[in-house]
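Presented below is the structure to which this report refers.
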Amino acid sequence: MCQVPLLPDKQKKGASDAQEDDEYRGGRVDVYLPGIHKNKADLTQTETYASVIKNFKSLDIQHMLCLLSFAVFPENGVMNKTMLMYWWMAEGFLPVEDAGTSVAKILEDFKKMGLIEPVEDERKMEPASYKMPPLVHSAVVRLSTSVGLFDIYDEKGKPAMKKSEKKKVCLVEGSSSKDETKITKMQPGDIETVFNVSERFPDFTFKWFKLMKTLKVLYLGRWERTAKRHIEVESPELMKNLNSLSELRLLSLQGISRIERLDDSVCKLRKLIILDLRACYNLEKLPEKIDSLENLIYLDISECYMIDRMPKRLAWLEKLEVLKGFVVSDADEETTCRLIDLKHLERLKKLSVTINKTDFDVNKLKEALVGLKALENLKVAWGGISKDQKEKKTGMDHQAKSVVKNAVKALFRQHAGRHGDGPANPGYRLHKLDLQCFPDAELPEWLQPRNLITLKKLYIKGGTELSGLGELPTVPTHCGVEVLRLKFLPKLQVEWRDLKGLYFPKMELLEKYQCPRVALCPCDGKGIWKVNKP
C-alpha cells in the first residue's frame, strides 16, 4: 500500500483560497488548534513550567540541547531512542564514540526529572520509546523558541516552516505550498539542519542543495516508528546535487516512496555518519562506489524489498558498526558483496541478513562468522526459497552441519573449559539472536539452549517445520537467555516446566504467539509472561 502514490496529487494552494488558515492536502483539511505554549500567561503560572525551568538551568549544555530538541515533535509524539541517538549524534549533541551509552544516560536523567516518560511495552524488559507530558512539552517549546534553537510555530500557534536563529528548519504539513520554499525567501546557504516533522512532499528541498554548504542533518524521511505517514517525492532525480552537501553527517530518506536509486553523487558525502534508507520500498540498488563514504557508521537498508544484491565495495566500509538489510541472493558473486566478505568489517556490532539464495553454501558461513569478532546483535531471515528448492539445493548434509555447528558455537563460548570445550574466544560477544522463517525441523547443536551461554535474547519467529529445542536436559542448563520470543511455530512441542525449568532457567520474559504445542505456559491473554520483580 505504501508504494501506491497519493491520489489525488498534491495541490498547490492559490491566493484565492478561502481557507487561509487551513492546509489542504489530498482531499482533507487539517485544522490546527493552538498548543498550550501559545497561552504564555497561563503556562508560566503553572508548577510544571517552574519545575521545567528549574531543571533546565541545572543541566549541562549537552543535556540542554537534547531537551530543547523535543520541541520539534508534536504534542504526545512518541520518540524512539535509536532515532534520537542518530539525530543528536549528527547534530553534535552526542559524541560519536559510545553514543548508545550517552543517549541512554540522558534519557534516564530526563525521566528521573519528570521531563519525559517511557512508553510502556509489556513485550520489552526496558523501554525503547519515550513521550513528553503536554505541559512539559509546551514549556520546552517556549524555551527552544526563546533561545532560537528550533522555532516551528507562527504567531497564531500553528506549525510553520521557519529558519530559526540557529539555522535550523523544520518541515511541517503544507510546507511544500508555501512561498518560503523559494531560495530567495529561505536563503538556504547557512542552514545546518532540515528535519521533516510532518510534510509528505519534501522534494522541494532538493532545489536548495547546491547552496547548502553547512548542512549537517538532512532528515527528510519518517521519524515515527509506524508507517501511518506516507511520504513521496515526485522528482527523485533532483537528488543529483547531493554532492554539494559536503558537511552532511546524517541523511534519512526512511519511508519515502518513488526513490528507485541513489545518485552516485551521494558517494561524495565524505563526512556522512548515518545513512537511513529503511522502508524505501522502490529502491532497487545502492551506489557501486559506496565505499567512498569513508566515515559511515550506520547503514540501514532494511525493508527495501526491491534490492537483490549488495555492491562489492560495501565490505570496504571499515568504520561500519551497524548494517541492517544485507541481502544474500543469486546475483553474480563476482560483482556483489558476499556474506563472507563482511569479515573485513572488524567494528561491526549489529547485522541483519535476508537469505534469498537457493544454493547458499553453508560451508562459507564459518569464515563469515569467525571474522565478525565485534558482533553483538545478529538477525537472519530465510525467504524466497520453496520447500522443494530447499530439499534439492540447500539441504545441509552431515559435513556441512558440522561446519556450521563448530563455527557458530564459537560465538557463545565465554571461557576456555567452561560449559564447553575448545579455546577461549573473548572477541565474541553475541547478546541477541533473531531467527525468522527457520527452515529446519530441528535446532542444530550450536543453537540448543545448553550452548547459548552468553546470549541474552533469543527470538525464533516463523518455522513451519521446527518441532523441538534439542535433547531434553536432565538438569537446568547454563543458558544465559533472559528474553525468549516464540512465534508462528505450529509444530514446536515443549511444556512450560521444561522450557523454564530446564532449557532456559534464567528466562525473565516469554512471548508466545501461535505456538499451540508450547503448553501450560502461564502467559496472559496476549501471550506474555514476565517474571515479577520487587
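Here, A, B, ... name the chains of the C-alpha cells in the order displayed, residue numbers run from 1 inside each chain, and ligands are numbered from 1 in the same displayed order.
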Can you tell me, as a tab-separated table (two decimals) with N, CA and C atoms, in the first residue's frame, what residues are no more than 12 Å from Thr181 (chain A) when counting only C-alpha atoms, ignoring any on the same chain fewer than 2 positions away?
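out_15.tsv, freshly written:
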chain	number	residue	atom	x	y	z
A	160	ALA	N	4.61	25.94	11.41
A	160	ALA	CA	5.05	26.69	10.23
A	160	ALA	C	6.52	26.37	9.95
A	161	MET	N	6.90	26.46	8.67
A	161	MET	CA	8.28	26.23	8.28
A	161	MET	C	9.04	27.55	8.36
A	162	LYS	N	9.96	27.62	9.33
A	162	LYS	CA	10.76	28.83	9.50
A	162	LYS	C	12.20	28.44	9.80
A	163	LYS	N	13.10	29.34	9.47
A	163	LYS	CA	14.50	29.12	9.82
A	163	LYS	C	14.77	29.80	11.16
A	169	VAL	N	15.75	24.29	10.24
A	169	VAL	CA	14.45	24.38	9.58
A	169	VAL	C	13.69	23.08	9.79
A	170	CYS	N	12.43	23.19	10.18
A	170	CYS	CA	11.56	22.03	10.34
A	170	CYS	C	10.47	22.09	9.28
A	171	LEU	N	10.29	20.99	8.54
A	171	LEU	CA	9.24	20.90	7.54
A	171	LEU	C	7.96	20.40	8.21
A	172	VAL	N	6.87	21.11	7.97
A	172	VAL	CA	5.59	20.73	8.56
A	172	VAL	C	4.57	20.55	7.45
A	174	GLY	N	2.14	20.95	4.75
A	174	GLY	CA	1.82	22.11	3.93
A	174	GLY	C	3.00	22.97	3.54
A	175	SER	N	4.19	22.63	4.00
A	175	SER	CA	5.36	23.45	3.69
A	175	SER	C	5.59	23.56	2.18
A	176	SER	N	5.28	22.49	1.44
A	176	SER	CA	5.58	22.47	0.00
A	176	SER	C	4.80	23.51	-0.78
A	177	SER	N	3.73	24.06	-0.24
A	177	SER	CA	2.91	25.03	-0.96
A	177	SER	C	3.18	26.48	-0.53
A	178	LYS	N	4.20	26.67	0.32
A	178	LYS	CA	4.47	28.00	0.84
A	178	LYS	C	5.54	28.73	0.03
A	179	ASP	N	5.50	30.04	0.10
A	179	ASP	CA	6.50	30.86	-0.59
A	179	ASP	C	7.89	30.66	-0.01
A	183	ILE	N	14.18	29.88	-2.97
A	183	ILE	CA	15.53	30.15	-2.50
A	183	ILE	C	15.67	31.59	-2.01
A	184	THR	N	15.02	32.51	-2.70
A	184	THR	CA	15.12	33.92	-2.31
A	184	THR	C	14.50	34.18	-0.96
A	185	LYS	N	13.51	33.38	-0.58
A	185	LYS	CA	12.86	33.54	0.71
A	185	LYS	C	13.62	32.81	1.83
A	186	MET	N	14.00	31.57	1.57
A	186	MET	CA	14.60	30.75	2.62
A	186	MET	C	16.08	31.08	2.84
A	187	GLN	N	16.79	31.47	1.80
A	187	GLN	CA	18.23	31.72	1.91
A	187	GLN	C	18.92	30.53	2.57
A	188	PRO	N	18.96	29.37	1.87
A	188	PRO	CA	19.42	28.12	2.50
A	188	PRO	C	20.93	27.99	2.68
A	201	PHE	N	5.47	15.78	1.19
A	201	PHE	CA	6.09	16.01	-0.11
A	201	PHE	C	7.33	16.87	0.06
A	202	PRO	N	8.43	16.30	0.55
A	202	PRO	CA	9.60	17.10	0.92
A	202	PRO	C	10.57	17.39	-0.22
A	203	ASP	N	10.24	17.00	-1.45
A	203	ASP	CA	11.23	17.12	-2.52
A	203	ASP	C	11.51	18.55	-2.94
A	204	PHE	N	10.74	19.52	-2.46
A	204	PHE	CA	11.05	20.90	-2.78
A	204	PHE	C	12.41	21.32	-2.22
A	205	THR	N	12.87	20.58	-1.22
A	205	THR	CA	14.17	20.92	-0.62
A	205	THR	C	15.34	20.60	-1.57
A	206	PHE	N	15.11	19.75	-2.58
A	206	PHE	CA	16.19	19.36	-3.47
A	206	PHE	C	16.80	20.57	-4.18
A	207	LYS	N	15.98	21.57	-4.45
A	207	LYS	CA	16.48	22.74	-5.17
A	207	LYS	C	17.36	23.62	-4.28
A	208	TRP	N	17.40	23.33	-2.98
A	208	TRP	CA	18.27	24.07	-2.08
A	208	TRP	C	19.69	23.50	-2.05
Leaving out Leu320 (chain A) and any residue of its chain fewer than 3 positions from it, which residues lie within 12 Å of it when counting only C-alpha atoms, given as a CSV table (one decimal) with C-alpha atoms, in the first residue's frame?
chain,number,residue,atom,x,y,z
A,272,LEU,CA,28.4,11.1,6.3
A,273,ILE,CA,28.0,9.0,9.5
A,274,ILE,CA,24.4,7.8,9.2
A,275,LEU,CA,22.6,6.7,6.0
A,290,ILE,CA,29.6,3.2,-1.6
A,291,ASP,CA,33.0,2.7,0.0
A,293,LEU,CA,31.5,7.1,2.4
A,294,GLU,CA,34.6,6.5,4.5
A,295,ASN,CA,33.1,7.7,7.8
A,296,LEU,CA,29.9,5.8,7.5
A,297,ILE,CA,29.0,4.0,10.8
A,298,TYR,CA,25.3,3.3,10.5
A,299,LEU,CA,23.7,1.9,7.3
A,300,ASP,CA,20.0,0.8,7.3
A,314,LEU,CA,30.2,-2.4,0.8
A,315,ALA,CA,32.7,-4.6,2.6
A,316,TRP,CA,35.3,-1.8,2.4
A,317,LEU,CA,33.4,0.5,4.8
A,323,LEU,CA,24.4,-2.9,8.9
A,324,LYS,CA,20.7,-3.7,8.5
A,342,LEU,CA,31.9,-8.9,5.7
A,343,LYS,CA,34.8,-10.4,7.7
A,344,HIS,CA,36.7,-7.2,6.9
A,345,LEU,CA,34.2,-5.1,9.0
A,346,GLU,CA,36.0,-5.5,12.3
A,347,ARG,CA,33.9,-2.9,14.1
A,348,LEU,CA,30.5,-4.4,13.0
A,349,LYS,CA,28.3,-4.8,16.1
A,350,LYS,CA,24.8,-5.3,14.6
A,351,LEU,CA,23.9,-7.2,11.4
A,372,LEU,CA,32.9,-10.7,12.8
A,374,ALA,CA,32.7,-7.5,17.5
A,375,LEU,CA,29.3,-8.8,16.6
Item checked: Neighbour list for region 124-132 of chain A as a PyMOL selection string, cut-off 6 Å, only C-alpha atoms, skip fewer than 3 positions in-chain -> chain A and resi 77-81+116-119+121+137
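Closest approach to Ile307 (chain A) among A:Gly100, A:Glu333, A:Thr354, A:Leu339 is made by A:Thr354 (distances from only C-alpha atoms).
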Next item on the list: as a list of chain:residue names, please: all residues of region 466-514 of chain A that backbone DSSP puts in strand (DSSP E or B).
Entry: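 The strand (DSSP E or B) subset of region 466-514 of chain A is A:Gly468, A:Val483, A:Leu484, A:Arg485, A:Leu486, A:Lys487, A:Val494, A:Glu495, A:Leu509, A:Leu510, A:Glu511, A:Lys512, A:Tyr513.
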Any chance you could export the current selection's N, CA and C atoms as an mmCIF file, in the first residue's frame?
data_model
loop_
_atom_site.group_PDB
_atom_site.id
_atom_site.type_symbol
_atom_site.label_atom_id
_atom_site.label_comp_id
_atom_site.auth_asym_id
_atom_site.auth_seq_id
_atom_site.Cartn_x
_atom_site.Cartn_y
_atom_site.Cartn_z
ATOM 1 N N GLY A 468 11.346 -29.105 17.874
ATOM 2 C CA GLY A 468 11.928 -29.235 19.206
ATOM 3 C C GLY A 468 13.107 -28.324 19.426
ATOM 4 N N VAL A 483 15.363 -13.200 27.596
ATOM 5 C CA VAL A 483 14.160 -12.860 26.830
ATOM 6 C C VAL A 483 14.013 -13.855 25.692
ATOM 7 N N LEU A 484 12.885 -14.568 25.672
ATOM 8 C CA LEU A 484 12.625 -15.571 24.645
ATOM 9 C C LEU A 484 11.318 -15.240 23.935
ATOM 10 N N ARG A 485 11.375 -15.185 22.609
ATOM 11 C CA ARG A 485 10.167 -14.935 21.809
ATOM 12 C C ARG A 485 9.986 -16.091 20.835
ATOM 13 N N LEU A 486 8.828 -16.710 20.894
ATOM 14 C CA LEU A 486 8.488 -17.823 20.018
ATOM 15 C C LEU A 486 7.201 -17.466 19.281
ATOM 16 N N LYS A 487 7.281 -17.411 17.953
ATOM 17 C CA LYS A 487 6.111 -17.008 17.166
ATOM 18 C C LYS A 487 5.977 -17.885 15.924
ATOM 19 N N VAL A 494 6.800 -28.370 23.504
ATOM 20 C CA VAL A 494 7.525 -28.320 24.763
ATOM 21 C C VAL A 494 6.573 -27.834 25.846
ATOM 22 N N GLU A 495 6.748 -28.309 27.060
ATOM 23 C CA GLU A 495 5.927 -27.877 28.184
ATOM 24 C C GLU A 495 6.650 -26.800 28.976
ATOM 25 N N LEU A 509 11.385 -13.199 30.570
ATOM 26 C CA LEU A 509 10.252 -12.773 29.744
ATOM 27 C C LEU A 509 10.066 -13.776 28.612
ATOM 28 N N LEU A 510 8.830 -14.216 28.432
ATOM 29 C CA LEU A 510 8.462 -15.099 27.324
ATOM 30 C C LEU A 510 7.312 -14.474 26.557
ATOM 31 N N GLU A 511 7.466 -14.429 25.236
ATOM 32 C CA GLU A 511 6.359 -14.053 24.367
ATOM 33 C C GLU A 511 6.055 -15.243 23.473
ATOM 34 N N LYS A 512 4.834 -15.723 23.531
ATOM 35 C CA LYS A 512 4.421 -16.891 22.765
ATOM 36 C C LYS A 512 3.201 -16.529 21.930
ATOM 37 N N TYR A 513 3.312 -16.763 20.609
ATOM 38 C CA TYR A 513 2.198 -16.420 19.720
ATOM 39 C C TYR A 513 2.078 -17.475 18.633
#
Check: Could you name the residues that touch Pro287 (chain A) at 9 Å or less, counting only C-alpha atoms, but leaving out those on the same chain fewer than 6 positions away, as a list in words?
Finding: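 Answer for this query is Arg261, Leu262, Asp263, Asp264, Ser265, Val266, Cys267 and Pro311 of chain A.
CA of Leu149 (chain A) is positioned 19.6 Å from CA of Val103 (chain A).
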Using only C-alpha atoms, what table do you get, as CSV, when you list each residue of region 161-198 of chain A with an atom no more than 12 Å from region 86-91 of chain A, its nearest pair of atoms, and their distance in Å rounded to one decimal, rows by chain then rising number?
residue,atom,partner,partner_atom,distance
A:Lys166,CA,A:Glu91,CA,11.8
A:Lys167,CA,A:Glu91,CA,12.0
A:Lys168,CA,A:Glu91,CA,10.5
A:Glu192,CA,A:Glu91,CA,8.5
A:Thr193,CA,A:Glu91,CA,7.9
A:Val194,CA,A:Glu91,CA,10.9
A:Phe195,CA,A:Trp87,CA,9.5
A:Asn196,CA,A:Trp87,CA,12.0
Export, as a short mmCIF file (atom, residue, chain, number, x, y, z; two decimals), in the first residue's frame, the selected residues with C-alpha atoms.
data_model
loop_
_atom_site.label_atom_id
_atom_site.label_comp_id
_atom_site.auth_asym_id
_atom_site.auth_seq_id
_atom_site.Cartn_x
_atom_site.Cartn_y
_atom_site.Cartn_z
CA LYS A 166 20.44 28.76 15.00
CA LYS A 167 19.86 28.00 11.30
CA LYS A 168 17.56 25.01 11.71
CA GLU A 192 22.57 23.40 9.41
CA THR A 193 19.51 21.18 9.90
CA VAL A 194 16.46 20.22 7.85
CA PHE A 195 14.10 17.99 9.85
CA ASN A 196 10.84 16.66 8.41
#
Margin query: Between CA of Trp529 (chain A) and CA of Met83 (chain A), what is the distance in Å, rounded to a tenth?
Written below: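 Taking CA of Trp529 (chain A) as the start and CA of Met83 (chain A) as the end point, the length is 28.5 Å.
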Next item on the list: Extract, using only C-alpha atoms, all DNA, RNA and protein residues at most 8 Å from region 57-66 of chain A, discarding same-chain residues fewer than 3 positions from it, and format them as a PyMOL selection string.
Entry: chain A and resi 53-54+69-70+88+93-94+106
Save out the residues we just selected, N, CA and C atoms, as a JSON list (two decimals), in the first residue's frame.
[["chain", "number", "residue", "atom", "x", "y", "z"],
["A", 53, "ILE", "N", 11.76, 24.92, 34.16],
["A", 53, "ILE", "CA", 12.78, 25.97, 34.12],
["A", 53, "ILE", "C", 13.89, 25.67, 35.14],
["A", 54, "LYS", "N", 13.50, 25.23, 36.33],
["A", 54, "LYS", "CA", 14.48, 24.91, 37.36],
["A", 54, "LYS", "C", 15.39, 23.77, 36.91],
["A", 69, "SER", "N", 15.51, 19.89, 21.79],
["A", 69, "SER", "CA", 15.18, 19.28, 20.51],
["A", 69, "SER", "C", 13.81, 18.61, 20.52],
["A", 70, "PHE", "N", 13.29, 18.29, 21.72],
["A", 70, "PHE", "CA", 11.96, 17.70, 21.79],
["A", 70, "PHE", "C", 10.88, 18.67, 21.32],
["A", 88, "TRP", "N", 20.82, 13.25, 17.39],
["A", 88, "TRP", "CA", 21.66, 14.03, 18.31],
["A", 88, "TRP", "C", 23.14, 13.86, 17.98],
["A", 93, "PHE", "N", 25.31, 16.94, 19.38],
["A", 93, "PHE", "CA", 24.90, 16.95, 20.78],
["A", 93, "PHE", "C", 25.50, 15.78, 21.54],
["A", 94, "LEU", "N", 25.80, 14.68, 20.84],
["A", 94, "LEU", "CA", 26.36, 13.48, 21.46],
["A", 94, "LEU", "C", 27.71, 13.17, 20.81],
["A", 106, "ILE", "N", 21.24, 10.13, 29.15],
["A", 106, "ILE", "CA", 20.49, 11.38, 29.03],
["A", 106, "ILE", "C", 19.00, 11.13, 29.20]]
Note to self: Please compute the CA of His431 (chain A)-CA of Met310 (chain A) distance, one decimal, in Å.
What the structure shows: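 CA of His431 (chain A) sits 26.0 Å away from CA of Met310 (chain A).
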Next item on the list: Within 12 Å of Trp223 (chain A), counting only C-alpha atoms, which residues show up once you throw out same-chain ones fewer than 2 positions away? Write them as a PyMOL selection string, please.
Entry: chain A and resi 72-74+77-87+129+195-199+218-221+225-231+252-256+276-279
Next item on the list: Would you mind telling me which residue in A:Ser244, A:Thr474, A:Thr358, A:Ser138 lies nearest to Val328 (chain A) when using only C-alpha atoms?
Entry: A:Thr358
Notebook entry, point to check: Which one of A:Glu471, A:Glu334, A:Asp98, A:Val327 sits closest to Asp498 (chain A) if you count only C-alpha atoms?
Noted result: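 That would be A:Glu471, the residue with the smallest distance to Asp498 (chain A).
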